[in-house]
Amino acid sequence: MNDIEIRINSLADIQNAAKQFVDNVLGRQGNSAKVYALYGKMGSGKTTFIKAICEELGVGDVITSPTFAIVNEYEIADPRHPELGFSLNDLVYHFDFYRIKKVEEVYDMGYEEYFYSGVLCFIEWPELIDDLLPDDAVKVFVNETPDGGRTVSVRMS
């Protein structure tokens, strides 16, 4: 599959970018991946982009960074993409491994139960656990551009 690039010129574009991601990545024919690893520098907008994707999917919960909790669980309350198999009460897991000091912490939290559950997972700071990611995990790179915008580059396998 080809790579996909989404341009975000300003925060006002974020919902449109999330819709493009849902339509062209989650909804891409042949894409059965459930784990999405988001790479980017501190402040690049990973959490903001995940929040926008969750809102596009119809998550009704308040979406925040799970920096201290490591994982947040959200529930789809208003399914906006049933054509993609998302329905009422489906879960979405949002991870932030920034504070992980040892990989043993990830084993202790039971990461396999999440990553291999068939539930959509978004991971911030995956470089700390790259070796534990499923083979079909999709790598998403969020980078700031010189003009203050962002590019979201998706590497589809």
# chains A, B, ... in the order shown; residues from 1 in each chain; ligands from 1
>>> residues_around(residues="Asp130 in chain A", least_positions_apart="5", cutoff="12 Å", atoms="only C-alpha atoms", output="list in words")
Val35, Tyr36, Ala37, Leu38, Tyr39, Phe97, Val103, Val106, Ile123, Glu124, Trp125, Asp135, Ala137, Val138 and Lys139 of chain A
>>> write_last_selection(atoms="all heavy atoms", output="CSV table (one decimal), in the first residue's frame")
chain,number,residue,atom,x,y,z
A,35,VAL,N,-3.8,-1.1,15.5
A,35,VAL,CA,-2.8,-0.4,16.4
A,35,VAL,C,-2.2,0.7,15.5
A,35,VAL,O,-1.6,0.4,14.4
A,35,VAL,CB,-1.8,-1.4,17.0
A,35,VAL,CG1,-0.7,-0.6,17.7
A,35,VAL,CG2,-2.5,-2.4,17.9
A,36,TYR,N,-2.2,1.9,16.0
A,36,TYR,CA,-1.7,3.1,15.3
A,36,TYR,C,-0.7,3.7,16.2
A,36,TYR,O,-1.0,4.2,17.2
A,36,TYR,CB,-2.8,4.0,14.8
A,36,TYR,CG,-3.6,3.4,13.8
A,36,TYR,CD1,-4.7,2.5,14.2
A,36,TYR,CD2,-3.4,3.6,12.4
A,36,TYR,CE1,-5.4,1.9,13.2
A,36,TYR,CE2,-4.1,2.9,11.5
A,36,TYR,CZ,-5.2,2.1,11.9
A,36,TYR,OH,-5.9,1.4,10.9
A,37,ALA,N,0.6,3.7,15.8
A,37,ALA,CA,1.7,4.2,16.6
A,37,ALA,C,2.0,5.6,16.1
A,37,ALA,O,2.5,5.8,14.9
A,37,ALA,CB,2.9,3.3,16.5
A,38,LEU,N,1.9,6.7,16.9
A,38,LEU,CA,2.1,8.0,16.5
A,38,LEU,C,3.4,8.5,17.0
A,38,LEU,O,3.7,8.6,18.2
A,38,LEU,CB,1.0,9.0,17.0
A,38,LEU,CG,-0.3,8.9,16.1
A,38,LEU,CD1,-1.2,7.7,16.5
A,38,LEU,CD2,-1.1,10.2,16.2
A,39,TYR,N,4.3,8.9,16.1
A,39,TYR,CA,5.6,9.4,16.4
A,39,TYR,C,5.7,10.9,16.2
A,39,TYR,O,5.0,11.4,15.2
A,39,TYR,CB,6.7,8.7,15.5
A,39,TYR,CG,6.8,7.3,15.6
A,39,TYR,CD1,5.8,6.4,15.0
A,39,TYR,CD2,7.8,6.7,16.4
A,39,TYR,CE1,5.9,5.0,15.1
A,39,TYR,CE2,7.9,5.3,16.5
A,39,TYR,CZ,6.9,4.5,15.9
A,39,TYR,OH,7.0,3.1,16.0
A,97,PHE,N,3.3,6.4,26.3
A,97,PHE,CA,4.4,5.7,26.9
A,97,PHE,C,5.5,6.6,27.3
A,97,PHE,O,6.6,6.1,27.5
A,97,PHE,CB,4.8,4.5,26.1
A,97,PHE,CG,3.9,3.4,26.0
A,97,PHE,CD1,3.3,3.0,24.8
A,97,PHE,CD2,3.5,2.7,27.2
A,97,PHE,CE1,2.4,1.9,24.8
A,97,PHE,CE2,2.5,1.7,27.1
A,97,PHE,CZ,2.0,1.3,25.9
A,103,VAL,N,10.8,-1.5,29.9
A,103,VAL,CA,9.8,-2.2,29.1
A,103,VAL,C,9.0,-3.2,30.0
A,103,VAL,O,7.9,-3.5,29.7
A,103,VAL,CB,10.5,-2.9,28.0
A,103,VAL,CG1,11.3,-4.2,28.4
A,103,VAL,CG2,9.5,-3.3,26.9
A,106,VAL,N,5.5,-2.1,30.8
A,106,VAL,CA,4.5,-2.4,29.7
A,106,VAL,C,4.0,-3.8,29.8
A,106,VAL,O,2.9,-4.1,29.6
A,106,VAL,CB,5.1,-2.1,28.3
A,106,VAL,CG1,4.1,-2.3,27.2
A,106,VAL,CG2,5.6,-0.6,28.3
A,123,ILE,N,-1.2,5.0,20.0
A,123,ILE,CA,-0.1,5.0,20.9
A,123,ILE,C,0.8,6.2,20.7
A,123,ILE,O,1.2,6.5,19.5
A,123,ILE,CB,0.7,3.7,20.7
A,123,ILE,CG1,-0.1,2.5,20.9
A,123,ILE,CG2,1.9,3.7,21.6
A,123,ILE,CD1,0.5,1.2,20.5
A,124,GLU,N,1.0,7.0,21.7
A,124,GLU,CA,2.0,8.1,21.7
A,124,GLU,C,3.3,7.6,22.3
A,124,GLU,O,3.2,6.8,23.2
A,124,GLU,CB,1.5,9.3,22.5
A,124,GLU,CG,0.2,9.9,21.9
A,124,GLU,CD,-0.2,11.1,22.7
A,124,GLU,OE1,0.6,12.1,22.8
A,124,GLU,OE2,-1.4,11.2,23.1
A,125,TRP,N,4.4,8.1,21.8
A,125,TRP,CA,5.7,7.7,22.2
A,125,TRP,C,6.0,6.2,22.0
A,125,TRP,O,6.5,5.5,22.9
A,125,TRP,CB,6.0,8.1,23.6
A,125,TRP,CG,5.9,9.6,23.8
A,125,TRP,CD1,4.8,10.3,24.4
A,125,TRP,CD2,6.8,10.6,23.3
A,125,TRP,NE1,5.0,11.6,24.3
A,125,TRP,CE2,6.2,11.8,23.6
A,125,TRP,CE3,8.0,10.5,22.7
A,125,TRP,CZ2,6.9,13.0,23.3
A,125,TRP,CZ3,8.6,11.7,22.3
A,125,TRP,CH2,8.1,13.0,22.7
A,135,ASP,N,3.0,-6.7,14.3
A,135,ASP,CA,3.6,-6.6,13.0
A,135,ASP,C,2.8,-5.7,12.0
A,135,ASP,O,3.4,-5.1,11.2
A,135,ASP,CB,3.8,-8.0,12.3
A,135,ASP,CG,4.8,-8.8,13.0
A,135,ASP,OD1,5.7,-8.3,13.8
A,135,ASP,OD2,4.7,-10.1,12.9
A,137,ALA,N,1.1,-3.0,12.9
A,137,ALA,CA,0.9,-1.7,13.5
A,137,ALA,C,1.2,-0.7,12.4
A,137,ALA,O,2.2,-0.8,11.7
A,137,ALA,CB,1.7,-1.5,14.7
A,138,VAL,N,0.4,0.4,12.3
A,138,VAL,CA,0.6,1.4,11.3
A,138,VAL,C,1.3,2.5,12.0
A,138,VAL,O,1.0,3.0,13.1
A,138,VAL,CB,-0.8,1.9,10.8
A,138,VAL,CG1,-0.6,3.1,9.9
A,138,VAL,CG2,-1.5,0.8,10.1
A,139,LYS,N,2.4,3.0,11.3
A,139,LYS,CA,3.2,4.1,11.9
A,139,LYS,C,2.8,5.4,11.3
A,139,LYS,O,2.6,5.6,10.1
A,139,LYS,CB,4.7,3.8,11.5
A,139,LYS,CG,5.2,2.6,12.3
A,139,LYS,CD,6.7,2.4,12.1
A,139,LYS,CE,7.1,1.2,13.0
A,139,LYS,NZ,8.5,1.0,13.1
>>> residues_around(residues="Glu75 in chain A", least_positions_apart="2", cutoff="6 Å", atoms="only C-alpha atoms", output="PDB file with C-alpha atoms, in the first residue's frame")
ATOM      1  CA  VAL A  59     -16.321   9.156  21.110  1.00  0.00           C
ATOM      2  CA  ASN A  89     -20.210   1.370  22.928  1.00  0.00           C
ATOM      3  CA  ASP A  90     -17.155   0.252  20.937  1.00  0.00           C
ATOM      4  CA  LEU A  91     -13.957   1.098  22.780  1.00  0.00           C
TER       5      LEU A  91
END
>>> residues_around(residues="Lys51 in chain A", least_positions_apart="6", cutoff="12 Å", atoms="only C-alpha atoms", output="list of chain:residue names")
A:Ile14, A:Gln15, A:Ala17, A:Ala18, A:Lys19, A:Gly45, A:Leu57, A:Gly58, A:Val59, A:Gly60, A:Asp61, A:Val62, A:Ile63, A:Thr64, A:Ser65, A:Pro66, A:Asn72, A:Tyr74, A:Val92, A:Tyr93, A:His94, A:Phe122, A:Glu124
>>> atom_distance(atom1="CA of Met42 in chain A", atom2="CA of Val140 in chain A")
14.7 Å
>>> atom_distance(atom1="CA of Thr151 in chain A", atom2="CA of Ile70 in chain A")
25.3 Å
>>> residues_around(residues="Leu132 in chain A", least_positions_apart="3", cutoff="10 Å", atoms="only C-alpha atoms", output="list of chain:residue names")
A:Val103, A:Val106, A:Tyr107, A:Tyr111, A:Glu112, A:Phe115, A:Pro126, A:Glu127, A:Leu128, A:Ile129, A:Asp135
>>> closest_residue(among="A:Arg28, A:Arg7, A:Lys46, A:Lys41", to="Arg150 in chain A", atoms="only C-alpha atoms")
A:Arg7
>>> closest_residue(among="A:Leu84, A:Ile50, A:Met109, A:Leu11", to="Asn24 in chain A", atoms="only C-alpha atoms")
A:Leu84
>>> select_by_dssp(residues="range 32-95 of chain A", states="strand (DSSP E)", output="PyMOL selection string")
chain A and resi 35-39+71-75+91-95
>>> select_by_dssp(residues="range 5-157 of chain A", states="helix (DSSP H, G or I)", output="compact mmCIF listing (two decimals) with C-alpha atoms, in the first residue's frame")
# COMPACT_ATOMS: atom_id res chain seq x y z
CA LEU A 11 -5.85 24.07 14.40
CA ALA A 12 -8.99 25.02 12.46
CA ASP A 13 -8.10 22.23 9.97
CA ILE A 14 -7.79 19.48 12.59
CA GLN A 15 -11.29 17.99 12.23
CA ASN A 16 -10.96 17.89 8.45
CA ALA A 17 -7.59 16.15 8.86
CA ALA A 18 -9.15 13.65 11.28
CA LYS A 19 -11.92 12.93 8.78
CA GLN A 20 -9.30 12.37 6.05
CA PHE A 21 -7.47 9.98 8.40
CA VAL A 22 -10.63 8.02 9.20
CA ASP A 23 -11.71 7.86 5.55
CA ASN A 24 -8.30 7.17 3.97
CA VAL A 25 -6.48 5.21 6.66
CA LEU A 26 -8.98 3.48 8.96
CA LYS A 46 -0.07 13.87 18.59
CA THR A 47 -2.61 14.13 21.42
CA THR A 48 -4.60 16.83 19.61
CA PHE A 49 -4.75 14.70 16.47
CA ILE A 50 -5.83 11.58 18.38
CA LYS A 51 -8.51 13.67 20.13
CA ALA A 52 -9.80 14.86 16.74
CA ILE A 53 -9.85 11.29 15.35
CA CYS A 54 -11.77 10.06 18.40
CA GLU A 55 -14.27 12.90 18.01
CA GLU A 56 -14.65 12.02 14.31
CA LEU A 57 -15.41 8.43 15.32
CA PRO A 82 -20.78 2.44 10.99
CA GLU A 83 -19.66 1.65 7.43
CA LEU A 84 -16.21 1.02 8.93
CA VAL A 103 9.80 -2.22 29.14
CA GLU A 104 8.84 -4.42 32.09
CA GLU A 105 6.28 -1.76 33.04
CA VAL A 106 4.53 -2.39 29.72
CA TYR A 107 4.56 -6.14 30.32
CA ASP A 108 3.14 -5.56 33.81
CA TYR A 111 -0.14 -4.61 26.86
CA GLU A 112 -0.97 -7.77 24.85
CA GLU A 113 -4.55 -7.73 26.12
CA TYR A 114 -4.91 -4.26 24.60
CA PHE A 115 -2.86 -4.54 21.40
CA PRO A 126 5.78 4.16 20.66
CA GLU A 127 9.54 4.34 20.08
CA LEU A 128 9.91 3.24 23.69
CA ASP A 130 8.73 -0.55 19.19
CA ASP A 131 9.69 -4.20 19.64
CA LEU A 132 6.32 -4.93 21.28
>>> closest_residue(among="A:Ile6, A:Val154, A:Phe86, A:Val142", to="Gly43 in chain A", atoms="only C-alpha atoms")
A:Val142
>>> decode(residues="range 122-138 of chain A", atoms="N, CA and C atoms", output="PDB file, in the first residue's frame")
ATOM      1  N   PHE A 122      -4.487   3.775  19.814  1.00  0.00           N
ATOM      2  CA  PHE A 122      -3.603   4.852  19.392  1.00  0.00           C
ATOM      3  C   PHE A 122      -2.508   4.982  20.439  1.00  0.00           C
ATOM      4  N   ILE A 123      -1.248   5.032  19.983  1.00  0.00           N
ATOM      5  CA  ILE A 123      -0.115   5.020  20.902  1.00  0.00           C
ATOM      6  C   ILE A 123       0.766   6.239  20.662  1.00  0.00           C
ATOM      7  N   GLU A 124       0.993   7.004  21.731  1.00  0.00           N
ATOM      8  CA  GLU A 124       1.962   8.086  21.698  1.00  0.00           C
ATOM      9  C   GLU A 124       3.267   7.585  22.308  1.00  0.00           C
ATOM     10  N   TRP A 125       4.376   8.054  21.783  1.00  0.00           N
ATOM     11  CA  TRP A 125       5.718   7.662  22.203  1.00  0.00           C
ATOM     12  C   TRP A 125       5.955   6.150  22.036  1.00  0.00           C
ATOM     13  N   PRO A 126       5.603   5.602  20.870  1.00  0.00           N
ATOM     14  CA  PRO A 126       5.776   4.159  20.656  1.00  0.00           C
ATOM     15  C   PRO A 126       7.234   3.739  20.510  1.00  0.00           C
ATOM     16  N   GLU A 127       8.137   4.708  20.253  1.00  0.00           N
ATOM     17  CA  GLU A 127       9.541   4.336  20.081  1.00  0.00           C
ATOM     18  C   GLU A 127      10.102   3.659  21.320  1.00  0.00           C
ATOM     19  N   LEU A 128       9.465   3.856  22.458  1.00  0.00           N
ATOM     20  CA  LEU A 128       9.906   3.237  23.690  1.00  0.00           C
ATOM     21  C   LEU A 128       9.514   1.761  23.769  1.00  0.00           C
ATOM     22  N   ILE A 129       8.585   1.332  22.900  1.00  0.00           N
ATOM     23  CA  ILE A 129       8.109  -0.053  22.936  1.00  0.00           C
ATOM     24  C   ILE A 129       8.025  -0.647  21.523  1.00  0.00           C
ATOM     25  N   ASP A 130       8.794  -0.110  20.592  1.00  0.00           N
ATOM     26  CA  ASP A 130       8.727  -0.549  19.190  1.00  0.00           C
ATOM     27  C   ASP A 130       8.745  -2.069  19.025  1.00  0.00           C
ATOM     28  N   ASP A 131       9.561  -2.740  19.788  1.00  0.00           N
ATOM     29  CA  ASP A 131       9.686  -4.199  19.645  1.00  0.00           C
ATOM     30  C   ASP A 131       8.426  -4.945  20.073  1.00  0.00           C
ATOM     31  N   LEU A 132       7.541  -4.285  20.796  1.00  0.00           N
ATOM     32  CA  LEU A 132       6.320  -4.931  21.280  1.00  0.00           C
ATOM     33  C   LEU A 132       5.119  -4.681  20.369  1.00  0.00           C
ATOM     34  N   LEU A 133       5.266  -3.781  19.396  1.00  0.00           N
ATOM     35  CA  LEU A 133       4.142  -3.457  18.514  1.00  0.00           C
ATOM     36  C   LEU A 133       3.792  -4.647  17.625  1.00  0.00           C
ATOM     37  N   PRO A 134       2.514  -4.850  17.359  1.00  0.00           N
ATOM     38  CA  PRO A 134       2.129  -5.911  16.424  1.00  0.00           C
ATOM     39  C   PRO A 134       2.752  -5.658  15.048  1.00  0.00           C
ATOM     40  N   ASP A 135       2.974  -6.722  14.298  1.00  0.00           N
ATOM     41  CA  ASP A 135       3.588  -6.607  12.974  1.00  0.00           C
ATOM     42  C   ASP A 135       2.805  -5.702  12.038  1.00  0.00           C
ATOM     43  N   ASP A 136       1.486  -5.658  12.203  1.00  0.00           N
ATOM     44  CA  ASP A 136       0.662  -4.848  11.301  1.00  0.00           C
ATOM     45  C   ASP A 136       0.369  -3.452  11.846  1.00  0.00           C
ATOM     46  N   ALA A 137       1.065  -3.043  12.916  1.00  0.00           N
ATOM     47  CA  ALA A 137       0.852  -1.697  13.461  1.00  0.00           C
ATOM     48  C   ALA A 137       1.191  -0.662  12.387  1.00  0.00           C
ATOM     49  N   VAL A 138       0.360   0.354  12.289  1.00  0.00           N
ATOM     50  CA  VAL A 138       0.553   1.416  11.306  1.00  0.00           C
ATOM     51  C   VAL A 138       1.334   2.547  11.977  1.00  0.00           C
TER      52      VAL A 138
END
